[in-house]
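Enquirer: This structure is in structure tokens; I'll ask about it shortly.
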Amino acid sequence: MQMSQQQLSYRKRIDRVVNYIYDHLDEPIDLQLLADVACMSPYHWHRVYRAIQGETIAATVKRLRLHRAAGQLAQSKISIEEISERSGYSSLAAFSRAFTQTYGKPPAQYRRAGAHVKLQAAIEQGEGHLYPVEIKTIEPMTMIGLPHQGSYMHIGRAFDLVFGWVGQAGLLPRLNHSMATYYDDPDSVPEPQLRSFAGAVFDGEVEMPDHFEKRTIEGGRYAVLHYRGAYAEMPYAYRWLYGTWLNNQGVELRDAPCVEDYLNNPREVAPADLLTDIYMPLAED
């Protein structure tokens, strides 16, 4: 389905709003200012945003801020008070209520006893059956999407733009996979230089926007880790896969990047219920 010039205009305007939100998460979100960013009437732009993006501005901002907060709690020593302030909450109590509602634990308890803490302990103890892993062979797949550079935690920016297009173009019925390729090791490459690609795999050929790209996921043999949980805790799953599972299997890695296949939608399920298949490329037997 080819979008009209008017549809493309709305798509570009909403893309500007999405990029603005990601760039200003530490600041109060002014709806009038966002209307100016979108170059649309304040009476109508928010309805257009919700229709295209599938959620309200308030829901987008809350989801992104709490996602970032979970990552900071799990992977940094930034104080909870500072995280709360950066997340735009008027008080620590308000932040705690919102975080608990989404992640099932208050921020302090999440930092002290969240799944990432248990995962780190299991990694240190060499627990060999922490996640289900299967070895499978797949055919090559073509993704259509957008590159992202910077923190892997922020690849959602590219996905929001990709799926805004997918929804507006009426391509959801033909969507087979929501996938991302990660090209660099975040433990060895500076965060601003990390490269990734957010993409969608469709049933058959589709016409893509001019600024989108195609990337190929190599066919072949993969170890597939079935992960359930928040994206903020996923780095621990990678550490276990490379540090424990791989050492116990006697398999060789292949010169290709890891791929993630997202099996449900963070707008629709709680972070603890997110399902992701992590594909680690293996050499043939």
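Scheme for the structure tokens: letters A, B, ... for chains in order shown; per-chain residue numbers from 1; ligand numbers from 1 in order shown.
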Report the residues of region 178-248 of chain A whose backbone DSSP state falls under strand (DSSP E or B), written as number ranges by chain.

Expert: A: 178-182, 195-202, 213-217, 220-228

Enquirer: Just want the 9 Å neighbourhood of Gly71 (chain A), counted on only C-alpha atoms, with same-chain residues fewer than 3 positions away dropped. Output as a list in words.

Expert: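 Residues near the query, excluding close chain neighbours: Leu66, His67, Arg68, Ala74, Gln75, Ser76, Met153, Tyr231, Ala232 and Glu233 of chain A.
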
Enquirer: Restricting it to N, CA and C atoms, dump the selection as a tab-separated table (two decimals), in the first residue's frame.

Expert:
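And here is the file that came out, result.tsv:
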chain	number	residue	atom	x	y	z
A	66	LEU	N	10.13	5.43	32.30
A	66	LEU	CA	10.26	4.30	33.23
A	66	LEU	C	11.18	3.23	32.67
A	67	HIS	N	11.19	3.04	31.36
A	67	HIS	CA	12.14	2.12	30.73
A	67	HIS	C	13.57	2.58	31.01
A	68	ARG	N	13.83	3.86	30.82
A	68	ARG	CA	15.16	4.39	31.11
A	68	ARG	C	15.48	4.26	32.59
A	74	ALA	N	19.08	-0.83	37.26
A	74	ALA	CA	19.70	-2.15	37.12
A	74	ALA	C	21.18	-2.06	36.75
A	75	GLN	N	21.58	-1.01	36.05
A	75	GLN	CA	22.91	-0.99	35.45
A	75	GLN	C	23.78	0.19	35.86
A	76	SER	N	23.34	1.00	36.82
A	76	SER	CA	24.14	2.14	37.25
A	76	SER	C	23.99	2.34	38.75
A	153	MET	N	19.71	0.64	24.74
A	153	MET	CA	18.48	0.90	25.49
A	153	MET	C	17.57	1.90	24.78
A	231	TYR	N	13.38	-5.41	29.14
A	231	TYR	CA	14.53	-5.14	28.27
A	231	TYR	C	15.72	-4.62	29.09
A	232	ALA	N	15.45	-3.90	30.18
A	232	ALA	CA	16.53	-3.33	30.99
A	232	ALA	C	17.42	-4.40	31.59
A	233	GLU	N	16.90	-5.62	31.75
A	233	GLU	CA	17.66	-6.70	32.38
A	233	GLU	C	18.28	-7.65	31.36

Enquirer: Between A:Ile123, A:Leu274, A:Ala94, A:Ala70, which one has atoms that come closest to Trp245 (chain A), using only C-alpha atoms?

Expert: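 Using only C-alpha atoms, the shortest distance to Trp245 (chain A) belongs to A:Ile123.
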
Enquirer: Just the residues within 9 Å of Tyr152 (chain A), please, counting only C-alpha atoms, with nothing from its chain fewer than 6 positions along; format it as number ranges by chain.

Expert: A: 182, 186, 191, 194-196

Enquirer: For region 207-220 of chain A, list every protein, DNA or RNA residue within 6 Å, evaluated using only C-alpha atoms, and leave out those in the same chain fewer than 4 positions away; present the list as a list in words.

Expert: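 The residues satisfying every condition are Thr137, Ile138, Glu139, Pro140, Met141, Thr142, Met143, Ile144, Gly145 and Leu146 of chain A.
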
Enquirer: Need to verify the contact set: Tyr222 (chain A), 6 Å, only C-alpha atoms, exclusion of same-chain residues closer than 6 positions in sequence. Can you return it as a list in words?

Expert: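 Listing them by chain and then by number gives Ile135, Lys136, Tyr279, Met280, Pro281 and Leu282 of chain A.
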
Enquirer: May I have the residues from that selection written out with all heavy atoms, as a compact mmCIF listing (two decimals), in the first residue's frame?

Expert:
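Final output, part-v1.txt:
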# COMPACT_ATOMS: atom_id res chain seq x y z
N ILE A 135 19.12 -24.90 19.55
CA ILE A 135 19.91 -24.65 18.35
C ILE A 135 19.03 -24.91 17.15
O ILE A 135 18.42 -25.99 17.03
CB ILE A 135 21.17 -25.53 18.32
CG1 ILE A 135 22.09 -25.15 19.48
CG2 ILE A 135 21.90 -25.38 17.00
CD1 ILE A 135 23.34 -25.99 19.59
N LYS A 136 18.92 -23.91 16.27
CA LYS A 136 18.05 -24.06 15.10
C LYS A 136 18.70 -23.42 13.89
O LYS A 136 19.59 -22.57 14.01
CB LYS A 136 16.67 -23.44 15.38
CG LYS A 136 16.71 -21.96 15.68
CD LYS A 136 15.38 -21.43 16.22
CE LYS A 136 14.25 -21.55 15.24
NZ LYS A 136 13.02 -20.89 15.75
N TYR A 279 19.12 -14.44 19.13
CA TYR A 279 19.78 -15.33 18.18
C TYR A 279 21.29 -15.07 18.20
O TYR A 279 21.74 -13.99 17.84
CB TYR A 279 19.25 -15.09 16.77
CG TYR A 279 17.88 -15.66 16.50
CD1 TYR A 279 16.74 -15.12 17.06
CD2 TYR A 279 17.72 -16.76 15.65
CE1 TYR A 279 15.48 -15.63 16.81
CE2 TYR A 279 16.47 -17.29 15.39
CZ TYR A 279 15.36 -16.72 15.97
OH TYR A 279 14.10 -17.24 15.72
N MET A 280 22.06 -16.07 18.59
CA MET A 280 23.52 -15.99 18.57
C MET A 280 24.03 -16.88 17.44
O MET A 280 23.80 -18.09 17.44
CB MET A 280 24.10 -16.45 19.91
CG MET A 280 25.61 -16.33 19.98
SD MET A 280 26.26 -16.67 21.67
CE MET A 280 25.95 -18.42 21.78
N PRO A 281 24.71 -16.32 16.42
CA PRO A 281 25.11 -17.10 15.25
C PRO A 281 26.20 -18.13 15.56
O PRO A 281 27.20 -17.80 16.20
CB PRO A 281 25.61 -16.04 14.26
CG PRO A 281 26.02 -14.90 15.11
CD PRO A 281 25.13 -14.91 16.32
N LEU A 282 26.00 -19.36 15.08
CA LEU A 282 26.95 -20.45 15.30
C LEU A 282 27.52 -20.96 13.98
O LEU A 282 26.82 -20.94 12.95
CB LEU A 282 26.26 -21.62 16.02
CG LEU A 282 25.64 -21.35 17.38
CD1 LEU A 282 24.96 -22.62 17.90
CD2 LEU A 282 26.67 -20.84 18.39

Enquirer: To one decimal place in Å, what is the distance between CA of His46 (chain A) and CA of Gly170 (chain A)?

Expert: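 These two atoms are separated by 20.1 Å.
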
Enquirer: So which residues touch Ala35 (chain A) within 12 Å, counting only C-alpha atoms, skipping near sequence neighbours fewer than 4 positions away, as a ChimeraX atom specification?

Expert: /A:13-14,16-18,20,29-31,39-49,57

Enquirer: What is the CA of Gln193 (chain A) to CA of Ile155 (chain A) distance in Å?

Expert: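 These atoms are spaced 13.0 Å apart.
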
Enquirer: Could you pull the residues within 12 Å of Pro271 (chain A), counting only C-alpha atoms, minus those fewer than 5 positions along the same chain, as a list of chain:residue names?

Expert: A:Arg63, A:Leu64, A:Leu66, A:His67, A:Ala70, A:Gly71, A:Phe99, A:Thr100, A:Gln101, A:Thr102, A:Tyr103, A:Gly104, A:Lys105, A:Ala115, A:Tyr227, A:Arg228, A:Gly229, A:Ala230, A:Tyr231, A:Ala232, A:Glu233, A:Met234, A:Asn264, A:Asn265, A:Pro266, A:Thr276

Enquirer: From the list A:Glu55, A:Glu85, A:Leu225, A:Val37, which residue is nearest Glu268 (chain A) when using only C-alpha atoms?

Expert: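 Ranking A:Glu55, A:Glu85, A:Leu225, A:Val37 by distance to Glu268 (chain A), first place goes to A:Glu55.
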
Enquirer: Can you list, as a list in words, all residues belonging to region 166-281 of chain A that DSSP tags as alpha helix (DSSP H)?

Expert: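 Put together, the selection reads Val166, Gly167, Gln168, Met234, Pro235, Tyr236, Ala237, Tyr238, Arg239 and Trp240 of chain A.
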
Enquirer: Quick one: pull the distance between CA of Arg157 (chain A) and CA of Gly204 (chain A), Å, one decimal.

Expert: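 Separation of CA of Arg157 (chain A) and CA of Gly204 (chain A): 25.6 Å.
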
Enquirer: From the options A:Glu127, A:Glu205, A:Asp273, A:Glu27, which residue's atoms come nearest to Leu171 (chain A), counting only C-alpha atoms?

Expert: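 Counting only C-alpha atoms, the residue closest to Leu171 (chain A) is A:Glu205.
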
Enquirer: Considering only C-alpha atoms, can you say which of A:Asp160, A:Glu260, A:Glu252, A:Asp285 comes closest to Tyr183 (chain A)?

Expert: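 Counting only C-alpha atoms, the residue closest to Tyr183 (chain A) is A:Glu260.
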